[in-house]
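Here's entry-v2.txt, which has compact mmCIF, C-alpha atoms:
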# COMPACT_ATOMS: atom_id res chain seq x y z
CA MET A 1 6.77 7.81 12.31
CA ASN A 2 8.26 6.21 15.37
CA ASP A 3 6.86 4.77 18.56
CA SER A 4 8.42 7.40 20.82
CA PRO A 5 6.75 8.10 24.17
CA GLU A 6 5.62 11.50 22.85
CA THR A 7 3.65 10.00 19.94
CA THR A 8 -0.03 9.92 20.86
CA VAL A 9 -2.44 8.12 18.56
CA LYS A 10 -6.20 7.74 18.63
CA VAL A 11 -7.61 4.23 18.71
CA ARG A 12 -10.57 4.40 16.33
CA ALA A 13 -11.61 0.72 16.18
CA ASN A 14 -10.57 -2.75 17.22
CA SER A 15 -11.24 -6.34 16.36
CA PRO A 16 -12.25 -8.10 19.58
CA GLY A 17 -10.65 -11.42 20.43
CA ARG A 18 -7.42 -12.91 21.71
CA TYR A 19 -5.23 -11.23 19.07
CA PRO A 20 -6.93 -7.91 18.31
CA ILE A 21 -6.12 -5.54 15.50
CA LEU A 22 -6.23 -1.87 16.45
CA ILE A 23 -7.06 0.81 13.90
CA VAL A 24 -5.27 3.95 14.98
CA GLU A 25 -5.20 7.52 13.73
CA LEU A 26 -1.71 8.99 13.63
CA PRO A 27 -1.05 12.65 14.50
CA SER A 28 -0.87 13.28 10.72
CA GLY A 29 -4.47 12.05 10.34
CA GLU A 30 -3.41 8.83 8.56
CA LEU A 31 -5.20 5.66 9.63
CA ARG A 32 -3.17 2.53 10.23
CA ALA A 33 -4.06 -1.05 11.14
CA THR A 34 -1.70 -2.31 13.84
CA TYR A 35 -1.30 -5.90 14.92
CA PHE A 36 -0.93 -7.94 18.11
CA GLU A 37 1.80 -10.02 16.45
CA THR A 38 4.02 -6.94 16.03
CA ASP A 39 3.16 -5.51 19.48
CA TYR A 40 1.29 -2.75 17.64
CA ASP A 41 4.43 -1.34 16.00
CA LEU A 42 3.28 1.63 13.92
CA GLU A 43 6.05 1.12 11.37
CA ARG A 44 4.85 -2.41 10.68
CA GLY A 45 1.20 -1.43 10.44
CA LYS A 46 -0.81 -1.17 7.24
CA ALA A 47 -2.15 2.15 5.97
CA VAL A 48 -5.94 2.08 5.58
CA GLY A 49 -8.52 4.62 4.52
CA GLU A 50 -11.61 6.03 6.18
CA ASP A 51 -13.82 4.20 3.64
CA TRP A 52 -12.09 0.88 4.39
CA LEU A 53 -12.57 1.42 8.11
CA ARG A 54 -16.28 2.17 7.74
CA ASP A 55 -17.25 -0.25 4.96
CA ASN A 56 -14.97 -3.23 5.52
CA ALA A 57 -13.60 -3.29 9.06
CA ILE A 58 -16.71 -2.12 10.89
CA GLY A 59 -19.24 -2.92 8.16
CA ARG A 60 -18.18 -6.49 7.33
CA HIS A 61 -15.51 -7.83 9.63
CA GLY A 62 -16.84 -7.28 13.14
CA PHE A 63 -14.55 -4.46 14.23
CA VAL A 64 -15.93 -2.28 16.99
CA ALA A 65 -15.76 1.50 16.71
CA VAL A 66 -14.17 3.27 19.66
CA ASP A 67 -16.31 6.35 20.19
CA PRO A 68 -14.95 8.67 21.32
CA PRO A 69 -11.52 7.50 20.13
CA ALA A 70 -9.13 6.56 22.93
CA GLU A 71 -5.94 8.62 23.05
CA VAL A 72 -2.98 6.37 23.80
CA THR A 73 0.78 6.79 23.50
CA ALA A 74 2.18 4.58 20.75
CA PRO A 75 4.34 2.46 23.08
CA SER A 76 1.24 1.77 25.25
CA LEU A 77 -0.92 0.26 22.49
CA GLY A 78 -0.17 -3.29 23.63
CA ASP A 79 -1.14 -2.44 27.20
CA TYR A 80 -4.32 -0.78 25.92
CA ALA A 81 -5.24 -3.89 23.91
CA ARG A 82 -4.62 -6.19 26.86
CA ARG A 83 -6.62 -3.97 29.22
CA GLU A 84 -9.52 -2.93 26.98
CA VAL A 85 -9.91 -5.42 24.14
CA ILE A 86 -8.46 -8.90 24.60
CA GLU A 87 -11.07 -11.52 25.33
CA GLU A 88 -9.91 -14.42 27.43
CA THR A 89 -11.10 -17.77 26.10
Produce structure tokens that represent the structure in this file.
Amino acid sequence: MNDSPETTVKVRANSPGRYPILIVELPSGELRATYFETDYDLERGKAVGEDWLRDNAIGRHGFVAVDPPAEVTAPSLGDYARREVIEET
């Protein structure tokens, strides 16, 4: 998986705040947590499961579901987070 301009992912959830985590669905269907600190690099993200997303991220840790999921090119994830998620404090 690379962050080429052709790679479109679906943002399924995010953790609001100054340094949000985005949970994205790759074209393969795999879910991955991507991080502000890595500029949302898919290669440096952590694979997560649907159960983890529902029960832990959204259920316990204050993530917000993106419904319907936002389709974003992989290199634009940082721009998406800055535009749609980051809370200025």
Checklist entry - What is the distance, in Å and to one decimal place, between CA of Glu84 (chain A) and CA of Ala65 (chain A)? => result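 A separation of 12.8 Å between them.
Distances from A:Ala13, A:Tyr19, A:Tyr35, A:Asp79 to Ala57 (chain A) were compared using all atoms listed in the file, and the smallest one belongs to A:Ala13.
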Item to check | Of the listed residues A:Val11, A:Ala74, A:Leu26, A:Ile21, that which approaches Gly62 (chain A) most closely, counting all atoms listed in the file | outcome: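 Comparing A:Val11, A:Ala74, A:Leu26, A:Ile21 against Gly62 (chain A), the winner is A:Ile21.
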Contacts of region 45-55 of chain A within 12 Å, all atoms listed in the file, excl. fewer than 3 positions in-chain, as an mmCIF file with C-alpha atoms, in the frame of the given file:
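After the write, selection-v2.cif holds the following:
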data_model
loop_
_atom_site.group_PDB
_atom_site.id
_atom_site.type_symbol
_atom_site.label_atom_id
_atom_site.label_comp_id
_atom_site.auth_asym_id
_atom_site.auth_seq_id
_atom_site.Cartn_x
_atom_site.Cartn_y
_atom_site.Cartn_z
ATOM 1 C CA MET A 1 6.770 7.810 12.310
ATOM 2 C CA ASN A 2 8.260 6.210 15.370
ATOM 3 C CA ASP A 3 6.860 4.770 18.560
ATOM 4 C CA ARG A 12 -10.570 4.400 16.330
ATOM 5 C CA ALA A 13 -11.610 0.720 16.180
ATOM 6 C CA ASN A 14 -10.570 -2.750 17.220
ATOM 7 C CA SER A 15 -11.240 -6.340 16.360
ATOM 8 C CA ILE A 21 -6.120 -5.540 15.500
ATOM 9 C CA LEU A 22 -6.230 -1.870 16.450
ATOM 10 C CA ILE A 23 -7.060 0.810 13.900
ATOM 11 C CA VAL A 24 -5.270 3.950 14.980
ATOM 12 C CA GLU A 25 -5.200 7.520 13.730
ATOM 13 C CA LEU A 26 -1.710 8.990 13.630
ATOM 14 C CA GLY A 29 -4.470 12.050 10.340
ATOM 15 C CA GLU A 30 -3.410 8.830 8.560
ATOM 16 C CA LEU A 31 -5.200 5.660 9.630
ATOM 17 C CA ARG A 32 -3.170 2.530 10.230
ATOM 18 C CA ALA A 33 -4.060 -1.050 11.140
ATOM 19 C CA THR A 34 -1.700 -2.310 13.840
ATOM 20 C CA TYR A 35 -1.300 -5.900 14.920
ATOM 21 C CA PHE A 36 -0.930 -7.940 18.110
ATOM 22 C CA GLU A 37 1.800 -10.020 16.450
ATOM 23 C CA THR A 38 4.020 -6.940 16.030
ATOM 24 C CA ASP A 39 3.160 -5.510 19.480
ATOM 25 C CA TYR A 40 1.290 -2.750 17.640
ATOM 26 C CA ASP A 41 4.430 -1.340 16.000
ATOM 27 C CA LEU A 42 3.280 1.630 13.920
ATOM 28 C CA ILE A 58 -16.710 -2.120 10.890
ATOM 29 C CA GLY A 59 -19.240 -2.920 8.160
ATOM 30 C CA ARG A 60 -18.180 -6.490 7.330
ATOM 31 C CA HIS A 61 -15.510 -7.830 9.630
ATOM 32 C CA GLY A 62 -16.840 -7.280 13.140
ATOM 33 C CA PHE A 63 -14.550 -4.460 14.230
ATOM 34 C CA VAL A 64 -15.930 -2.280 16.990
ATOM 35 C CA ALA A 65 -15.760 1.500 16.710
ATOM 36 C CA VAL A 66 -14.170 3.270 19.660
ATOM 37 C CA ALA A 74 2.180 4.580 20.750
#
Item to check | Computed interatomic separation between CA of Val85 (chain A) and CA of Ser28 (chain A) (Å) | outcome: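 Interatomic distance, CA of Val85 (chain A) to CA of Ser28 (chain A): 24.7 Å.
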Item to check | Separation of CA of Thr7 (chain A) from CA of Pro75 (chain A), in Å and rounded to one decimal | outcome: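 Distance reported for this atom pair: 8.2 Å.
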